[in-house]
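S.K.: File follows, structure03.txt with compact mmCIF, C-alpha atoms and all ligand atoms:
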```txt
# COMPACT_ATOMS: atom_id res chain seq x y z
CA MET M 1 131.03 -114.37 -174.07
CA ILE M 2 134.43 -113.91 -172.52
CA GLY M 3 135.49 -110.84 -174.47
CA ASP M 4 134.26 -108.89 -177.45
CA ASP M 5 137.66 -108.93 -179.07
CA LEU M 6 137.99 -112.70 -179.01
CA GLU M 7 136.87 -114.57 -182.09
CA ILE M 8 135.61 -118.03 -181.27
CA ALA M 9 135.20 -120.68 -183.95
CA CYS M 10 135.73 -124.38 -184.53
CA PRO M 11 139.38 -124.86 -185.56
CA LYS M 12 138.37 -127.64 -187.95
CA CYS M 13 135.33 -126.27 -189.79
CA ASP M 14 135.07 -122.62 -188.67
CA TRP M 15 131.62 -123.03 -187.11
CA HIS M 16 130.88 -120.10 -184.83
CA PRO M 17 129.10 -120.70 -181.51
CA ASP M 18 125.86 -118.71 -181.40
CA GLY M 19 125.47 -118.52 -177.63
CA GLY M 20 123.34 -121.64 -177.34
CA GLU M 21 123.67 -124.08 -174.45
CA TYR M 22 124.81 -127.04 -176.56
CA TRP M 23 127.50 -128.68 -174.42
CA GLN M 24 126.75 -131.44 -171.97
CA CYS M 25 129.00 -132.39 -169.07
CA ASP M 26 129.48 -135.91 -167.68
CA CYS M 27 127.27 -134.78 -164.80
CA GLY M 28 124.38 -134.15 -167.20
CA HIS M 29 124.44 -130.35 -167.03
CA THR M 30 124.17 -128.47 -170.32
CA TRP M 31 125.52 -124.95 -170.82
CA ASP M 32 127.36 -122.64 -173.20
CA THR M 33 130.92 -123.81 -172.65
CA PHE M 34 132.40 -120.55 -173.97
CA THR M 35 130.96 -118.55 -171.10
CA THR M 36 133.05 -120.47 -168.58
CA ALA M 37 136.19 -121.42 -170.58
CA ALA M 38 134.98 -125.03 -170.68
CA ARG M 39 134.45 -125.38 -166.94
CA CYS M 40 131.15 -127.01 -165.96
CA PRO M 41 129.27 -124.49 -163.80
CA LYS M 42 127.52 -127.29 -161.91
CA CYS M 43 130.22 -129.83 -160.97
CA LYS M 44 133.23 -127.57 -161.72
CA LYS M 45 134.89 -130.09 -164.00
CA GLN M 46 137.40 -128.46 -166.35
CA HIS M 47 136.98 -129.84 -169.87
CA LYS M 48 140.05 -129.86 -172.08
CA MET M 49 138.27 -130.81 -175.28
CA THR M 50 135.29 -129.10 -176.86
CA ALA M 51 133.07 -130.79 -179.43
CA CYS M 52 131.74 -129.07 -182.51
CA MET M 53 128.06 -129.22 -183.43
CA PRO M 54 126.66 -132.03 -185.62
CA PRO M 55 126.75 -131.45 -189.39
CA PHE M 56 123.00 -130.82 -189.65
CA THR M 57 123.49 -127.68 -187.59
CA GLY M 58 126.48 -126.59 -189.63
CA GLY M 59 129.32 -128.08 -187.59
CA CYS M 60 131.65 -131.04 -188.01
CA SER M 61 131.10 -133.01 -184.74
CA GLN M 62 134.84 -133.19 -184.11
CA LEU M 63 136.60 -132.67 -180.80
CA SER M 64 139.21 -129.94 -180.53
CA PRO M 65 141.23 -128.60 -177.59
CA HIS M 66 139.16 -125.83 -176.02
CA LEU M 67 141.88 -123.21 -176.40
CA ASP M 68 142.11 -123.87 -180.14
CA TRP M 69 138.61 -122.40 -180.49
CA TYR M 70 139.89 -118.94 -179.55
CA LYS M 71 141.24 -117.76 -182.84
CA ASN M 72 143.24 -114.75 -181.76
CA LEU M 73 144.22 -115.86 -178.28
CA ASP M 74 147.87 -116.29 -179.22
CA ASN M 75 148.03 -112.81 -180.70
CA LEU M 76 146.41 -111.27 -177.66
CA LEU M 77 148.78 -113.05 -175.33
CA ARG M 78 151.81 -112.10 -177.38
CA GLU M 79 150.75 -108.45 -177.56
CA GLU M 80 150.17 -108.41 -173.82
CA LEU M 81 153.59 -109.88 -173.12
CA GLU M 82 155.28 -107.44 -175.50
CA ARG M 83 153.45 -104.51 -173.94
CA ILE M 84 154.50 -105.51 -170.45
CA ALA M 85 158.09 -105.99 -171.52
CA ALA M 86 158.14 -102.58 -173.25
CA GLU M 87 156.63 -100.80 -170.25
CA GLU M 88 158.96 -102.32 -167.74
CA GLY M 89 162.03 -101.82 -169.87
CA VAL M 90 163.76 -104.68 -168.21
CA GLU M 91 165.40 -107.74 -169.51
CA VAL M 92 163.11 -110.73 -169.76
CA LEU M 93 164.87 -113.54 -168.01
ZN ZN M 101 129.45 -131.11 -164.79
ZN ZN M 102 133.60 -127.97 -186.48
```
Please re-express this file's structure in structure tokens.
M.R.:
Amino acid sequence: MIGDDLEIACPKCDWHPDGGEYWQCDCGHTWDTFTTAARCPKCKKQHKMTACMPPFTGGCSQLSPHLDWYKNLDNLLREELERIAAEEGVEVL
């Protein structure tokens, strides 16, 4: 996992990855895509879209942009930017 404070779930059906190596790259390698932010550890291809699991495992099989799976990423980024701005006390250009 990337961080304990990040919630990861399918943006379409709310399926939560359980740490399994379910994602297969074009090169044939399978791994847990959320450990590498969707970058294949074998051929280094950066995947923009991440597929959900098939319905029989509780998912919806739909493709979503990888970043959409990180539920509170926007909040974290915004808080970080606000914190930096407050600490520096300078105008943000
Ligand atoms: Zn690959
Ligand atoms: Zn889904």
S.K.: Around (126.7, -125.0, -188.2), as given in the file, which residues come within 9 Å? Count all atoms listed in the file and list them as a PDB file with C-alpha atoms, keeping the file's coordinate frame.
M.R.:
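Once written, result.pdb looks like this:
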```
ATOM      1  CA  CYS M  13     135.330-126.270-189.790  1.00  0.00           C
ATOM      2  CA  ASP M  14     135.070-122.620-188.670  1.00  0.00           C
ATOM      3  CA  TRP M  15     131.620-123.030-187.110  1.00  0.00           C
ATOM      4  CA  HIS M  16     130.880-120.100-184.830  1.00  0.00           C
ATOM      5  CA  PRO M  17     129.100-120.700-181.510  1.00  0.00           C
ATOM      6  CA  CYS M  52     131.740-129.070-182.510  1.00  0.00           C
ATOM      7  CA  MET M  53     128.060-129.220-183.430  1.00  0.00           C
ATOM      8  CA  PRO M  54     126.660-132.030-185.620  1.00  0.00           C
ATOM      9  CA  PRO M  55     126.750-131.450-189.390  1.00  0.00           C
ATOM     10  CA  PHE M  56     123.000-130.820-189.650  1.00  0.00           C
ATOM     11  CA  THR M  57     123.490-127.680-187.590  1.00  0.00           C
ATOM     12  CA  GLY M  58     126.480-126.590-189.630  1.00  0.00           C
ATOM     13  CA  GLY M  59     129.320-128.080-187.590  1.00  0.00           C
ATOM     14  CA  CYS M  60     131.650-131.040-188.010  1.00  0.00           C
TER      15      CYS M  60
END
```
S.K.: Rank M:Thr30, M:Ala9, M:His47, M:Asp18 by their smallest atom-to-atom distance to M:Asn72, using only C-alpha atoms, and report the top residue only.
M.R.: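 Among the listed residues, the smallest separation from M:Asn72 belongs to M:Ala9.
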S.K.: Suppose you want the space between atom CA of M:Trp23 and atom CA of M:Ile8; what is it in Å?
M.R.: 15.0 Å
S.K.: Mind pulling up the distance from atom CA of M:Tyr70 to atom CA of M:Ala85?
M.R.: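 So the answer is 23.7 Å.
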S.K.: Hey, which of M:Leu81, M:Leu63, M:Cys27, M:Leu76 ends up closest to M:Lys12? Count only C-alpha atoms.
M.R.: M:Leu63
S.K.: Can you measure atom CA of M:Trp69 to atom CA of M:Gly28 for me? One decimal in Å is fine.
M.R.: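 Calculated distance between atom CA of M:Trp69 and atom CA of M:Gly28 is 22.7 Å.
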S.K.: Counting only C-alpha atoms and all ligand atoms, what are the residues, protein, DNA or RNA alike, that approach ligand ZN 101 (chain M) to within 12 Å? I want them as a PyMOL selection string.
M.R.: chain M and resi 23-31+33+36+38-47
S.K.: Counting only C-alpha atoms, figure out which residue out of M:Arg78, M:Cys10, M:Leu73, M:Ala86 gets nearest to M:Thr50.
M.R.: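 Closest residue, counting only C-alpha atoms: M:Cys10.
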S.K.: In terms of the shortest atom-to-atom distance over all atoms listed in the file, which of M:Pro11, M:Phe34, M:Arg83, M:Asp74 is closest to ligand ZN 102 (chain M)?
M.R.: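 For ligand ZN 102 (chain M), the nearest of the candidates is M:Pro11.
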S.K.: Name the closest residue to ligand ZN 102 (chain M) among the candidates M:Leu77, M:Asp68, M:Glu21, M:Leu6; distances are taken between atoms, counting only C-alpha atoms and all ligand atoms.
M.R.: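 Of M:Leu77, M:Asp68, M:Glu21, M:Leu6, the one nearest ligand ZN 102 (chain M) is M:Asp68, counting only C-alpha atoms and all ligand atoms.
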S.K.: Given the choices M:Tyr22, M:Glu88, M:Ser61, M:Leu67, which gets closest to M:Met49 if the distance is worked out from only C-alpha atoms?
M.R.: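 Checking each candidate against M:Met49, we get M:Leu67 as the closest.
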